[in-house]
Structure formats: C-alpha cells, structure tokens
$ cat final05.pdb   # PDB, C-alpha atoms
MODEL        1
ATOM      1  CA  MET A   1      89.716  -3.637 -14.947
ATOM      2  CA  SER A   2      90.408  -5.355 -11.653
ATOM      3  CA  SER A   3      87.814  -3.327  -9.745
ATOM      4  CA  ASN A   4      85.132  -4.017 -12.359
ATOM      5  CA  PHE A   5      85.912  -7.714 -12.160
ATOM      6  CA  ASN A   6      85.655  -7.694  -8.387
ATOM      7  CA  GLN A   7      82.402  -5.777  -8.554
ATOM      8  CA  LEU A   8      81.040  -8.267 -11.055
ATOM      9  CA  ASN A   9      82.052 -11.142  -8.818
ATOM     10  CA  ASN A  10      80.458  -9.547  -5.777
ATOM     11  CA  ASN A  11      77.196  -8.901  -7.601
ATOM     12  CA  SER A  12      77.152 -12.410  -9.013
ATOM     13  CA  PHE A  13      77.723 -14.067  -5.678
ATOM     14  CA  ARG A  14      75.179 -11.838  -3.921
ATOM     15  CA  TYR A  15      72.678 -13.080  -6.466
ATOM     16  CA  LEU A  16      73.813 -16.637  -5.836
ATOM     17  CA  GLU A  17      73.453 -16.132  -2.091
ATOM     18  CA  TYR A  18      69.896 -14.914  -2.627
ATOM     19  CA  ILE A  19      69.052 -17.853  -4.869
ATOM     20  CA  LEU A  20      70.634 -20.486  -2.659
ATOM     21  CA  PHE A  21      69.496 -19.278   0.755
ATOM     22  CA  SER A  22      66.409 -17.095   0.253
ATOM     23  CA  VAL A  23      64.446 -19.051  -2.321
ATOM     24  CA  PRO A  24      62.930 -22.355  -1.172
ATOM     25  CA  LEU A  25      64.454 -25.365  -2.908
ATOM     26  CA  ARG A  26      62.181 -27.288  -5.223
ATOM     27  CA  ILE A  27      62.806 -30.874  -6.211
ATOM     28  CA  PRO A  28      62.331 -31.184  -9.971
ATOM     29  CA  SER A  29      59.732 -33.585 -11.240
ATOM     30  CA  ARG A  30      60.763 -36.803 -12.932
ATOM     31  CA  ASN A  31      59.816 -35.333 -16.314
ATOM     32  CA  CYS A  32      61.912 -32.201 -15.844
ATOM     33  CA  HIS A  33      64.853 -32.108 -18.262
ATOM     34  CA  LYS A  34      66.174 -28.637 -17.416
ATOM     35  CA  ARG A  35      68.823 -28.431 -14.720
ATOM     36  CA  ILE A  36      69.967 -25.154 -13.218
ATOM     37  CA  VAL A  37      73.519 -25.236 -11.939
ATOM     38  CA  VAL A  38      75.748 -22.584 -10.416
ATOM     39  CA  SER A  39      77.615 -22.022 -13.693
ATOM     40  CA  ASP A  40      74.291 -21.369 -15.460
ATOM     41  CA  ILE A  41      73.369 -18.684 -12.931
ATOM     42  CA  ILE A  42      76.754 -16.976 -13.184
ATOM     43  CA  GLU A  43      76.682 -17.099 -16.962
ATOM     44  CA  HIS A  44      73.164 -15.660 -16.971
ATOM     45  CA  GLN A  45      74.327 -12.792 -14.776
ATOM     46  CA  LEU A  46      77.397 -12.123 -16.914
ATOM     47  CA  VAL A  47      75.381 -11.976 -20.107
ATOM     48  CA  ALA A  48      72.586  -9.963 -18.552
ATOM     49  CA  SER A  49      75.035  -7.446 -17.103
ATOM     50  CA  GLY A  50      76.256  -6.561 -20.600
ATOM     51  CA  SER A  51      79.815  -7.324 -19.553
ATOM     52  CA  ALA A  52      82.313  -8.434 -22.202
ATOM     53  CA  ALA A  53      82.931 -11.430 -19.977
ATOM     54  CA  GLY A  54      79.532 -12.691 -20.997
ATOM     55  CA  ASN A  55      80.876 -13.288 -24.504
ATOM     56  CA  MET A  56      83.580 -15.655 -23.292
ATOM     57  CA  ARG A  57      81.420 -18.691 -23.860
ATOM     58  CA  SER A  58      82.576 -20.682 -26.898
ATOM     59  CA  TYR A  59      80.005 -21.421 -29.572
ATOM     60  CA  ILE A  60      82.309 -24.059 -31.075
ATOM     61  CA  ASP A  61      81.576 -27.478 -29.652
ATOM     62  CA  HIS A  62      84.853 -28.857 -28.311
ATOM     63  CA  THR A  63      83.203 -31.652 -26.348
ATOM     64  CA  GLU A  64      84.092 -35.264 -27.033
ATOM     65  CA  ALA A  65      82.804 -38.566 -25.759
ATOM     66  CA  VAL A  66      84.824 -40.038 -22.908
ATOM     67  CA  TYR A  67      84.942 -43.426 -24.627
ATOM     68  CA  THR A  68      86.896 -41.764 -27.455
ATOM     69  CA  HIS A  69      89.704 -40.853 -25.075
ATOM     70  CA  LYS A  70      89.582 -44.308 -23.509
ATOM     71  CA  GLN A  71      89.920 -45.848 -26.948
ATOM     72  CA  LEU A  72      92.828 -43.572 -27.872
ATOM     73  CA  ALA A  73      94.632 -44.513 -24.649
ATOM     74  CA  VAL A  74      94.348 -48.204 -25.537
ATOM     75  CA  LEU A  75      95.373 -47.628 -29.154
ATOM     76  CA  ALA A  76      98.403 -45.599 -28.064
ATOM     77  CA  GLU A  77      99.962 -48.685 -26.473
ATOM     78  CA  SER A  78     100.707 -50.027 -29.951
ATOM     79  CA  VAL A  79     102.226 -46.803 -31.317
ATOM     80  CA  GLY A  80     105.866 -46.002 -30.644
ATOM     81  CA  ILE A  81     108.726 -43.659 -31.454
ATOM     82  CA  ILE A  82     111.416 -44.985 -33.785
ATOM     83  CA  ILE A  83     114.770 -43.703 -32.581
ATOM     84  CA  SER A  84     118.187 -43.749 -34.232
ATOM     85  CA  PRO A  85     121.349 -41.684 -33.746
ATOM     86  CA  THR A  86     120.302 -39.351 -36.573
ATOM     87  CA  VAL A  87     116.539 -39.455 -37.123
ATOM     88  CA  CYS A  88     113.280 -40.145 -35.311
ATOM     89  CA  GLY A  89     109.806 -41.034 -36.506
ATOM     90  CA  THR A  90     106.646 -42.879 -35.549
ATOM     91  CA  GLY A  91     105.726 -46.518 -36.108
ATOM     92  CA  PHE A  92     102.907 -48.857 -35.136
ATOM     93  CA  ARG A  93     102.351 -52.568 -34.643
ATOM     94  CA  VAL A  94     100.940 -54.804 -37.339
ATOM     95  CA  GLY A  95     101.049 -58.558 -37.879
ATOM     96  CA  ILE A  96     102.720 -61.031 -35.558
ATOM     97  CA  ASN A  97     106.014 -59.193 -35.094
ATOM     98  CA  TYR A  98     106.080 -56.220 -37.480
ATOM     99  CA  VAL A  99     106.096 -52.434 -37.376
ATOM    100  CA  MET A 100     104.736 -50.216 -40.140
ATOM    101  CA  THR A 101     106.195 -46.765 -40.719
ATOM    102  CA  ALA A 102     107.084 -44.225 -43.414
ATOM    103  CA  LYS A 103     109.820 -45.455 -45.746
ATOM    104  CA  HIS A 104     111.703 -42.147 -45.830
ATOM    105  CA  ILE A 105     112.451 -42.597 -42.112
ATOM    106  CA  VAL A 106     114.153 -45.932 -42.750
ATOM    107  CA  ASP A 107     115.928 -44.512 -45.806
ATOM    108  CA  GLN A 108     117.503 -41.859 -43.590
ATOM    109  CA  ILE A 109     118.456 -44.433 -40.965
ATOM    110  CA  MET A 110     120.176 -46.615 -43.561
ATOM    111  CA  LYS A 111     121.969 -43.610 -45.008
ATOM    112  CA  GLU A 112     123.194 -41.965 -41.818
ATOM    113  CA  THR A 113     123.365 -44.540 -39.023
ATOM    114  CA  PRO A 114     126.764 -46.213 -38.396
ATOM    115  CA  VAL A 115     126.950 -49.781 -39.701
ATOM    116  CA  VAL A 116     127.464 -52.562 -37.166
ATOM    117  CA  LEU A 117     129.460 -55.358 -38.827
ATOM    118  CA  THR A 118     130.414 -58.783 -37.563
ATOM    119  CA  GLN A 119     133.492 -60.600 -38.835
ATOM    120  CA  GLY A 120     133.148 -61.592 -42.474
ATOM    121  CA  THR A 121     130.041 -59.456 -43.033
ATOM    122  CA  GLN A 122     129.862 -57.107 -45.988
ATOM    123  CA  PRO A 123     128.498 -53.553 -45.508
ATOM    124  CA  SER A 124     124.809 -53.288 -46.284
ATOM    125  CA  GLY A 125     122.237 -50.591 -45.738
ATOM    126  CA  TYR A 126     119.887 -53.001 -44.016
ATOM    127  CA  LEU A 127     122.541 -53.953 -41.483
ATOM    128  CA  ARG A 128     122.266 -50.466 -40.040
ATOM    129  CA  LEU A 129     118.959 -51.581 -38.551
ATOM    130  CA  ARG A 130     120.947 -54.057 -36.443
ATOM    131  CA  ASN A 131     122.503 -51.171 -34.524
ATOM    132  CA  THR A 132     121.241 -51.349 -30.932
ATOM    133  CA  ASP A 133     120.858 -47.567 -31.039
ATOM    134  CA  VAL A 134     118.056 -48.079 -33.566
ATOM    135  CA  TYR A 135     114.863 -49.175 -31.848
ATOM    136  CA  ILE A 136     111.195 -48.462 -31.264
ATOM    137  CA  ASP A 137     109.977 -47.369 -27.836
ATOM    138  CA  PHE A 138     106.277 -47.790 -27.110
ATOM    139  CA  ALA A 139     106.390 -46.045 -23.716
ATOM    140  CA  HIS A 140     107.838 -42.585 -24.411
ATOM    141  CA  GLU A 141     104.833 -40.814 -22.887
ATOM    142  CA  ARG A 142     106.132 -38.323 -20.348
ATOM    143  CA  ASN A 143     108.665 -35.497 -20.568
ATOM    144  CA  GLY A 144     112.174 -36.545 -19.608
ATOM    145  CA  GLN A 145     111.315 -40.213 -19.848
ATOM    146  CA  GLN A 146     111.986 -42.442 -22.859
ATOM    147  CA  GLY A 147     110.392 -45.531 -21.446
ATOM    148  CA  ASP A 148     111.776 -47.992 -18.927
ATOM    149  CA  GLY A 149     113.253 -50.465 -21.396
ATOM    150  CA  ASN A 150     110.369 -52.882 -20.968
ATOM    151  CA  HIS A 151     108.642 -51.470 -24.047
ATOM    152  CA  ARG A 152     111.731 -50.994 -26.215
ATOM    153  CA  PHE A 153     112.492 -53.331 -29.110
ATOM    154  CA  ASN A 154     115.203 -53.579 -31.752
ATOM    155  CA  PHE A 155     114.790 -54.519 -35.397
ATOM    156  CA  GLU A 156     115.975 -57.343 -37.605
ATOM    157  CA  PRO A 157     118.193 -56.128 -40.477
ATOM    158  CA  ASP A 158     115.488 -56.914 -43.015
ATOM    159  CA  ILE A 159     112.918 -54.976 -44.986
ATOM    160  CA  ILE A 160     109.795 -57.136 -45.077
ATOM    161  CA  TYR A 161     107.848 -54.882 -47.427
ATOM    162  CA  ALA A 162     108.583 -51.544 -49.043
ATOM    163  CA  ASN A 163     106.835 -49.264 -51.515
ATOM    164  CA  ASP A 164     108.431 -45.987 -52.574
ATOM    165  CA  SER A 165     105.312 -44.501 -54.151
ATOM    166  CA  LEU A 166     103.326 -45.157 -50.970
ATOM    167  CA  ASP A 167     106.305 -44.190 -48.759
ATOM    168  CA  THR A 168     105.574 -47.288 -46.701
ATOM    169  CA  VAL A 169     107.848 -49.897 -45.161
ATOM    170  CA  ILE A 170     107.359 -52.808 -42.783
ATOM    171  CA  LEU A 171     110.140 -53.777 -40.385
ATOM    172  CA  LYS A 172     110.531 -56.984 -38.401
ATOM    173  CA  LEU A 173     111.070 -56.837 -34.648
ATOM    174  CA  LYS A 174     113.855 -58.889 -33.121
ATOM    175  CA  PRO A 175     112.759 -61.823 -30.950
ATOM    176  CA  ASP A 176     112.514 -60.673 -27.373
ATOM    177  CA  ALA A 177     111.545 -62.157 -24.039
ATOM    178  CA  LYS A 178     109.276 -59.174 -23.548
ATOM    179  CA  MET A 179     105.826 -59.242 -25.108
ATOM    180  CA  TYR A 180     105.234 -57.017 -28.108
ATOM    181  CA  PRO A 181     102.318 -54.593 -27.882
ATOM    182  CA  PRO A 182      99.237 -55.975 -29.642
ATOM    183  CA  PRO A 183      98.961 -55.336 -33.396
ATOM    184  CA  PHE A 184      96.203 -53.316 -34.999
ATOM    185  CA  THR A 185      93.723 -55.582 -36.743
ATOM    186  CA  ASN A 186      90.862 -53.236 -37.686
ATOM    187  CA  PHE A 187      91.342 -51.360 -40.947
ATOM    188  CA  SER A 188      88.921 -49.348 -43.028
ATOM    189  CA  PRO A 189      88.936 -47.478 -46.343
ATOM    190  CA  LEU A 190      88.389 -43.743 -46.372
ATOM    191  CA  SER A 191      84.812 -42.593 -46.861
ATOM    192  CA  GLU A 192      82.513 -39.714 -45.999
ATOM    193  CA  GLN A 193      82.334 -41.151 -42.495
ATOM    194  CA  THR A 194      86.040 -41.771 -41.981
ATOM    195  CA  HIS A 195      87.463 -38.547 -43.452
ATOM    196  CA  GLN A 196      88.163 -37.182 -39.973
ATOM    197  CA  GLY A 197      89.605 -38.748 -36.877
ATOM    198  CA  TYR A 198      92.738 -38.903 -34.733
ATOM    199  CA  PHE A 199      96.463 -39.385 -35.186
ATOM    200  CA  ILE A 200      98.692 -40.875 -32.505
ATOM    201  CA  GLY A 201     102.392 -40.117 -32.868
ATOM    202  CA  HIS A 202     105.563 -38.391 -31.768
ATOM    203  CA  PRO A 203     105.797 -34.957 -33.396
ATOM    204  CA  ARG A 204     109.225 -33.315 -33.016
ATOM    205  CA  ALA A 205     110.454 -36.583 -31.458
ATOM    206  CA  ASP A 206     108.468 -35.533 -28.409
ATOM    207  CA  ILE A 207     106.280 -37.535 -26.064
ATOM    208  CA  LYS A 208     103.387 -39.523 -27.496
ATOM    209  CA  ARG A 209     100.474 -37.266 -28.437
ATOM    210  CA  THR A 210      97.122 -37.354 -30.180
ATOM    211  CA  ASP A 211      95.937 -34.947 -32.835
ATOM    212  CA  ARG A 212      92.711 -34.494 -34.763
ATOM    213  CA  PHE A 213      92.711 -34.580 -38.556
ATOM    214  CA  LYS A 214      90.258 -33.745 -41.295
ATOM    215  CA  SER A 215      90.647 -34.560 -44.969
ATOM    216  CA  VAL A 216      90.686 -31.624 -47.382
ATOM    217  CA  THR A 217      90.325 -31.225 -51.128
ATOM    218  CA  LEU A 218      92.491 -28.810 -53.106
ATOM    219  CA  THR A 219      91.458 -27.697 -56.573
ATOM    220  CA  ARG A 220      93.945 -27.195 -59.397
ATOM    221  CA  GLN A 221      93.611 -23.475 -58.797
ATOM    222  CA  ASP A 222      94.440 -23.966 -55.095
ATOM    223  CA  ILE A 223      97.565 -25.965 -55.932
ATOM    224  CA  HIS A 224      98.659 -23.497 -58.623
ATOM    225  CA  ALA A 225      98.270 -20.590 -56.186
ATOM    226  CA  ALA A 226     100.244 -22.482 -53.521
ATOM    227  CA  LYS A 227     103.095 -23.202 -55.941
ATOM    228  CA  ILE A 228     103.318 -19.545 -56.983
ATOM    229  CA  TRP A 229     103.303 -18.453 -53.346
ATOM    230  CA  SER A 230     106.077 -20.970 -52.511
ATOM    231  CA  GLN A 231     108.269 -19.707 -55.341
ATOM    232  CA  HIS A 232     107.831 -16.162 -54.077
ATOM    233  CA  GLN A 233     108.376 -17.083 -50.431
ATOM    234  CA  ALA A 234     111.238 -19.586 -50.681
ATOM    235  CA  GLY A 235     112.381 -19.571 -54.289
ATOM    236  CA  VAL A 236     111.372 -23.224 -54.784
ATOM    237  CA  ASP A 237     108.268 -25.254 -55.480
ATOM    238  CA  GLY A 238     107.468 -26.696 -52.070
ATOM    239  CA  PHE A 239     104.451 -28.650 -53.291
ATOM    240  CA  VAL A 240     105.953 -31.264 -55.621
ATOM    241  CA  GLY A 241     103.849 -34.417 -55.447
ATOM    242  CA  ILE A 242     100.924 -32.834 -53.643
ATOM    243  CA  ASP A 243      98.546 -33.987 -56.385
ATOM    244  CA  ASP A 244      99.560 -37.668 -56.080
ATOM    245  CA  PRO A 245      96.311 -39.577 -56.772
ATOM    246  CA  GLY A 246      97.353 -42.414 -54.441
ATOM    247  CA  ARG A 247      97.450 -40.149 -51.386
ATOM    248  CA  VAL A 248      95.038 -37.997 -49.419
ATOM    249  CA  LEU A 249      95.446 -34.424 -48.171
ATOM    250  CA  LEU A 250      94.383 -33.307 -44.737
ATOM    251  CA  HIS A 251      94.814 -30.735 -42.010
ATOM    252  CA  CYS A 252      96.315 -31.539 -38.615
ATOM    253  CA  SER A 253      98.810 -29.921 -36.259
ATOM    254  CA  PHE A 254     101.350 -32.777 -36.209
ATOM    255  CA  GLY A 255     104.671 -31.853 -37.765
ATOM    256  CA  LYS A 256     108.142 -33.282 -38.264
ATOM    257  CA  GLY A 257     108.698 -36.541 -36.377
ATOM    258  CA  ALA A 258     105.101 -37.673 -36.764
ATOM    259  CA  SER A 259     105.734 -39.378 -40.116
ATOM    260  CA  GLY A 260     104.477 -42.932 -39.789
ATOM    261  CA  ALA A 261     101.715 -42.002 -37.352
ATOM    262  CA  PRO A 262      98.547 -44.070 -37.798
ATOM    263  CA  GLY A 263      95.263 -42.250 -38.320
ATOM    264  CA  PHE A 264      92.148 -43.666 -36.673
ATOM    265  CA  TRP A 265      88.454 -43.338 -37.195
ATOM    266  CA  ILE A 266      86.360 -44.222 -34.135
ATOM    267  CA  CYS A 267      82.839 -45.351 -34.915
ATOM    268  CA  PRO A 268      80.391 -43.238 -32.891
ATOM    269  CA  ASN A 269      77.883 -46.095 -32.668
ATOM    270  CA  ASP A 270      79.930 -48.865 -31.089
ATOM    271  CA  GLY A 271      83.245 -47.156 -30.260
ATOM    272  CA  GLN A 272      85.287 -49.475 -32.500
ATOM    273  CA  ALA A 273      88.511 -47.929 -33.813
ATOM    274  CA  TYR A 274      89.803 -48.455 -37.346
ATOM    275  CA  VAL A 275      93.168 -47.569 -38.884
ATOM    276  CA  VAL A 276      92.358 -45.605 -42.032
ATOM    277  CA  MET A 277      95.657 -43.932 -42.966
ATOM    278  CA  MET A 278      99.310 -43.258 -42.174
ATOM    279  CA  LEU A 279     100.816 -39.776 -42.082
ATOM    280  CA  VAL A 280     103.815 -39.454 -44.393
ATOM    281  CA  ARG A 281     104.672 -35.804 -45.026
ATOM    282  CA  GLY A 282     103.717 -32.134 -44.904
ATOM    283  CA  TYR A 283     103.700 -29.255 -47.388
ATOM    284  CA  PRO A 284     105.417 -27.040 -48.286
ATOM    285  CA  ASP A 285     108.367 -29.393 -47.833
ATOM    286  CA  TRP A 286     110.838 -26.578 -47.058
ATOM    287  CA  TYR A 287     108.677 -25.629 -44.068
ATOM    288  CA  TYR A 288     109.784 -28.873 -42.384
ATOM    289  CA  ASP A 289     113.410 -28.671 -43.547
ATOM    290  CA  ASP A 290     115.858 -27.426 -40.903
ATOM    291  CA  LYS A 291     118.153 -26.160 -43.658
ATOM    292  CA  HIS A 292     115.767 -23.292 -44.385
ATOM    293  CA  PRO A 293     115.910 -20.297 -42.032
ATOM    294  CA  ALA A 294     113.212 -19.996 -39.392
ATOM    295  CA  ALA A 295     112.419 -16.434 -40.494
ATOM    296  CA  MET A 296     111.177 -17.817 -43.817
ATOM    297  CA  LYS A 297     108.597 -19.932 -41.998
ATOM    298  CA  VAL A 298     106.997 -17.104 -40.047
ATOM    299  CA  GLY A 299     103.551 -16.044 -41.131
ATOM    300  CA  VAL A 300     102.899 -18.935 -43.497
ATOM    301  CA  PRO A 301      99.176 -18.831 -44.363
ATOM    302  CA  SER A 302      97.310 -21.723 -42.782
ATOM    303  CA  ASN A 303      95.696 -22.625 -46.100
ATOM    304  CA  HIS A 304      99.178 -23.306 -47.502
ATOM    305  CA  LEU A 305     100.057 -25.747 -44.707
ATOM    306  CA  VAL A 306      98.720 -29.171 -45.603
ATOM    307  CA  GLU A 307      99.664 -32.739 -44.701
ATOM    308  CA  GLN A 308      99.603 -35.835 -46.866
ATOM    309  CA  ASP A 309      98.783 -39.400 -45.884
ATOM    310  CA  VAL A 310      98.638 -42.836 -47.445
ATOM    311  CA  PRO A 311      95.233 -44.500 -47.098
ATOM    312  CA  MET A 312      95.204 -48.049 -45.792
ATOM    313  CA  GLU A 313      93.230 -49.187 -48.814
ATOM    314  CA  SER A 314      96.224 -48.344 -51.051
ATOM    315  CA  MET A 315      98.552 -50.486 -48.913
ATOM    316  CA  HIS A 316      95.917 -53.199 -48.776
ATOM    317  CA  LYS A 317      95.721 -53.438 -52.556
ATOM    318  CA  ASP A 318      99.459 -53.203 -53.204
ATOM    319  CA  MET A 319     100.388 -55.733 -50.528
ATOM    320  CA  LYS A 320      97.766 -58.193 -51.727
ATOM    321  CA  ASP A 321      99.290 -58.044 -55.217
ATOM    322  CA  LYS A 322     102.970 -58.149 -54.207
ATOM    323  CA  ALA A 323     103.194 -59.822 -50.777
ATOM    324  CA  TYR A 324     100.143 -62.033 -50.448
ATOM    325  CA  HIS A 325     101.181 -63.942 -47.325
ATOM    326  CA  LEU A 326     102.104 -60.739 -45.517
ATOM    327  CA  TRP A 327      98.791 -59.232 -46.633
ATOM    328  CA  GLN A 328      96.975 -62.185 -45.104
ATOM    329  CA  GLU A 329      98.829 -61.832 -41.834
ATOM    330  CA  ILE A 330      98.206 -58.094 -41.472
ATOM    331  CA  PHE A 331      94.781 -57.540 -43.000
ATOM    332  CA  CYS A 332      92.993 -60.888 -42.762
ATOM    333  CA  PHE A 333      92.492 -61.589 -39.082
ATOM    334  CA  VAL A 334      88.797 -62.321 -39.522
TER     335      VAL A 334
ENDMDL
END
$ encode --input "final05.pdb" --output "structure tokens"
Amino acid sequence: MSSNFNQLNNNSFRYLEYILFSVPLRIPSRNCHKRIVVSDIIEHQLVASGSAAGNMRSYIDHTEAVYTHKQLAVLAESVGIIISPTVCGTGFRVGINYVMTAKHIVDQIMKETPVVLTQGTQPSGYLRLRNTDVYIDFAHERNGQQGDGNHRFNFEPDIIYANDSLDTVILKLKPDAKMYPPPFTNFSPLSEQTHQGYFIGHPRADIKRTDRFKSVTLTRQDIHAAKIWSQHQAGVDGFVGIDDPGRVLLHCSFGKGASGAPGFWICPNDGQAYVVMMLVRGYPDWYYDDKHPAAMKVGVPSNHLVEQDVPMESMHKDMKDKAYHLWQEIFCFV
C-alpha cells in the first residue's frame, strides 16, 4: 500500500511539474469564473487514475460561512457552566442580572449541596445557592482551565421564576464589581427556518463547545417502537414524557451536562442570531443515568437517541402570564 501511494504521489507531482513549468502561464480574462488550483489538478489525477483515493472527496457539504463562527464566538461569551459540589449544567444570561437554565439542575443543587447558614437562619433549599461553591463560570473554554475568576459569579438564594412543566428556572446573580456578560435580547419562535441551528454549552461538564441541532418529528409508531425497544434493552420505559406537546424533539451530539444550553438560529441574510430554544434532556433517560451499566448503552441505535428542548415561545407565553415584569425585562428590549 505504501509503494502504491508513493508511486501515485510521484506521478501526480510529475504531472504538476509539467503543468507548472512546461506549459506557458495564461492570465485568465476578467469574465473567467473557473480557477484551476493545485488541489484540483491532484484530485483530477487521483480520480482519473482509478485509485480508491479518488473517492475520498466528500459529497456532503460541511462548509459554513465564517460569519457564523464569528457570531458563535460572540454568543459564547454569555453562556457559562453552572458548577456545584455535586452537579454541573449550562446556563446563559438574560435580563439585567439573571441566568436561565434547566430547573432539574437547580433541583439537584438544592437537594445535594451543603447548606450554608448564618446565625438565626432556618434551613432552606434556596439557601444552598448561597454556597460559594455554587457559581457560574463564563470562561471555562480550555482544557485544565476553569476560568480566571474574572468571569465567575455566585447566585442570590432566590428563584426568580420557575416552571416544572417547562423545566425552566431563572436565577439572580449576586452583585459584583465585575461586569456581567451581556444578556441575550434576540428571541424567535420555532419555524421552518429556525428548526436547525447551534447549541452552545458544556457537555459532560467539559469546556465550552458548540453543536449543531436539527428538529425531528416522531410518529406514534416511532415512539411505540422506541418504548418496546427500551423495555427489551433496559427493562424500563426510557421515553416517558417524550410526547410532551410543549416541547420539541431534535438530534444533536450534546449529552449530559449540556442541559440549559441555549439553541441559536443564525439568519443567513444578515447574520443576526436568535435564541430559539433551551436544551433540557435526552432520551432514553437511562442512557444518561450513571446508575445504569455502560455495557447496556453500547450499540444503541441512533434513531432511538433523541434530545428534547423547550422552545422560547413557550417560556415567552408562560412568563407573560405569570411574571409580567420579568417578561418585560427579558423579552421586551425593543
């Protein structure tokens, strides 16, 4: 295999040498739209030679506009990892001094984090948020580095807004001499245009990452088949709640730790980014539960791995009905 590769390289570069040094150069006319580059010549030779290497070219378009990555880099500044002694998740900035995240993250924090009490204070679940070991870090971006402290903020022991059915909670940041990252102010409902986009979050409590998502639709037959498969595979129904009409199903590669990650749609016309959803969970639920053996999770069919999010329009409606002033502060910047 090595000798064939070397021979192919030699032949290709002999051809290149002939093209580059033996054939007179011609300056293309102003109307010429075809450009011949070295990679084109090599690819032409590989394909023409009948070599298997000629089939290495991908026919799936993985290209993306540079402005998309620039936008994601800016957006990422307002997304952070929520850290506690027992659980981690993702949160993002909204309003003047708030963070939005998945409620089940905060529920775990209030259940498992040690309570910090001052004299005369009664134990309360919310007081666990006062623990200085519970914070959000907006700069955990490189391996081995959890920020420099300049982008780390603690929480007030208050729940500003909570909705169990939407698995959504809003926390208040403690006053700090440091400036908070800017809040997100552009929101959009889901539509045919916005059904795919990008998540920014901290899967597996790892460094900040981006991930593409695409909404999916499961029929009743799909869900029934998934439930039967789960019973056979794990002995439990791992898809309880998957047909919740207030949530949307999608495919992405983010896993545990990315709950609370905001999902963005970036308009291809003007490059504006809009928050359209928040990631809250994945199915089957036992796949993300450390109590189940790893061997059980090997070979899970990709069509049975699906994530669930809460669309911003659902939060918009609920908050307007139940917390009008907060709704104005978060959603009504215009």
$ closest_residue --input "final05.pdb" --among "A:Asp285, A:Val74, A:Ile330, A:Leu218" --to "Arg93 in chain A" --atoms "all atoms listed in the file"
A:Ile330
$ closest_residue --input "final05.pdb" --among "A:Asp243, A:Tyr135, A:Gly149, A:Leu129" --to "Gln221 in chain A" --atoms "all atoms listed in the file"
A:Asp243
$ resolve_selection --input "final05.pdb" --expression "the PyMOL selection byres ((chain A and resi 136-141) around 9)" --output "count of residues only"
35
$ resolve_selection --input "final05.pdb" --expression "the PyMOL selection byres ((chain A and resi 215) around 6)" --output "PyMOL selection string"
chain A and resi 195+214+216+249-250
$ resolve_selection --input "final05.pdb" --expression "the PyMOL selection byres ((chain A and resi 239) around 9)" --output "JSON, numbers by chain"
{"A": [223, 226, 227, 230, 236, 237, 238, 240, 241, 242, 243, 283, 284, 285]}
$ atom_distance --input "final05.pdb" --atom1 "CA of Ile200 in chain A" --atom2 "CA of Phe264 in chain A"
8.2 Å
$ closest_residue --input "final05.pdb" --among "A:Ala65, A:Ala323, A:Val275, A:Cys88" --to "Ala205 in chain A" --atoms "all atoms listed in the file"
A:Cys88
$ atom_distance --input "final05.pdb" --atom1 "CA of Trp327 in chain A" --atom2 "CA of Lys172 in chain A"
14.5 Å
$ residues_around --input "final05.pdb" --residues "Val310 in chain A" --least-positions-apart "4" --cutoff "10 Å" --atoms "all atoms listed in the file" --output "PDB file with C-alpha atoms, in the frame of the given file"
ATOM      1  CA  ALA A 102     107.084 -44.225 -43.414  1.00  0.00           C
ATOM      2  CA  SER A 165     105.312 -44.501 -54.151  1.00  0.00           C
ATOM      3  CA  LEU A 166     103.326 -45.157 -50.970  1.00  0.00           C
ATOM      4  CA  ASP A 167     106.305 -44.190 -48.759  1.00  0.00           C
ATOM      5  CA  THR A 168     105.574 -47.288 -46.701  1.00  0.00           C
ATOM      6  CA  GLY A 246      97.353 -42.414 -54.441  1.00  0.00           C
ATOM      7  CA  ARG A 247      97.450 -40.149 -51.386  1.00  0.00           C
ATOM      8  CA  VAL A 248      95.038 -37.997 -49.419  1.00  0.00           C
ATOM      9  CA  LEU A 249      95.446 -34.424 -48.171  1.00  0.00           C
ATOM     10  CA  GLY A 260     104.477 -42.932 -39.789  1.00  0.00           C
ATOM     11  CA  PRO A 262      98.547 -44.070 -37.798  1.00  0.00           C
ATOM     12  CA  GLY A 263      95.263 -42.250 -38.320  1.00  0.00           C
ATOM     13  CA  VAL A 276      92.358 -45.605 -42.032  1.00  0.00           C
ATOM     14  CA  MET A 277      95.657 -43.932 -42.966  1.00  0.00           C
ATOM     15  CA  MET A 278      99.310 -43.258 -42.174  1.00  0.00           C
ATOM     16  CA  LEU A 279     100.816 -39.776 -42.082  1.00  0.00           C
ATOM     17  CA  VAL A 280     103.815 -39.454 -44.393  1.00  0.00           C
ATOM     18  CA  ARG A 281     104.672 -35.804 -45.026  1.00  0.00           C
ATOM     19  CA  SER A 314      96.224 -48.344 -51.051  1.00  0.00           C
ATOM     20  CA  MET A 315      98.552 -50.486 -48.913  1.00  0.00           C
TER      21      MET A 315
END
$ decode --input "final05.pdb" --residues "range 189-201 of chain A" --atoms "C-alpha atoms" --output "CSV table (one decimal), in the first residue's frame"
chain,number,residue,atom,x,y,z
A,189,PRO,CA,-40.2,31.2,17.8
A,190,LEU,CA,-39.5,27.9,16.0
A,191,SER,CA,-40.5,27.8,12.3
A,192,GLU,CA,-39.4,26.0,9.1
A,193,GLN,CA,-36.5,28.4,9.0
A,194,THR,CA,-35.4,28.1,12.6
A,195,HIS,CA,-35.7,24.3,13.1
A,196,GLN,CA,-31.9,23.9,12.8
A,197,GLY,CA,-29.1,25.8,14.3
A,198,TYR,CA,-26.4,25.6,17.0
A,199,PHE,CA,-26.2,24.9,20.7
A,200,ILE,CA,-23.5,26.4,23.0
A,201,GLY,CA,-22.9,24.5,26.2
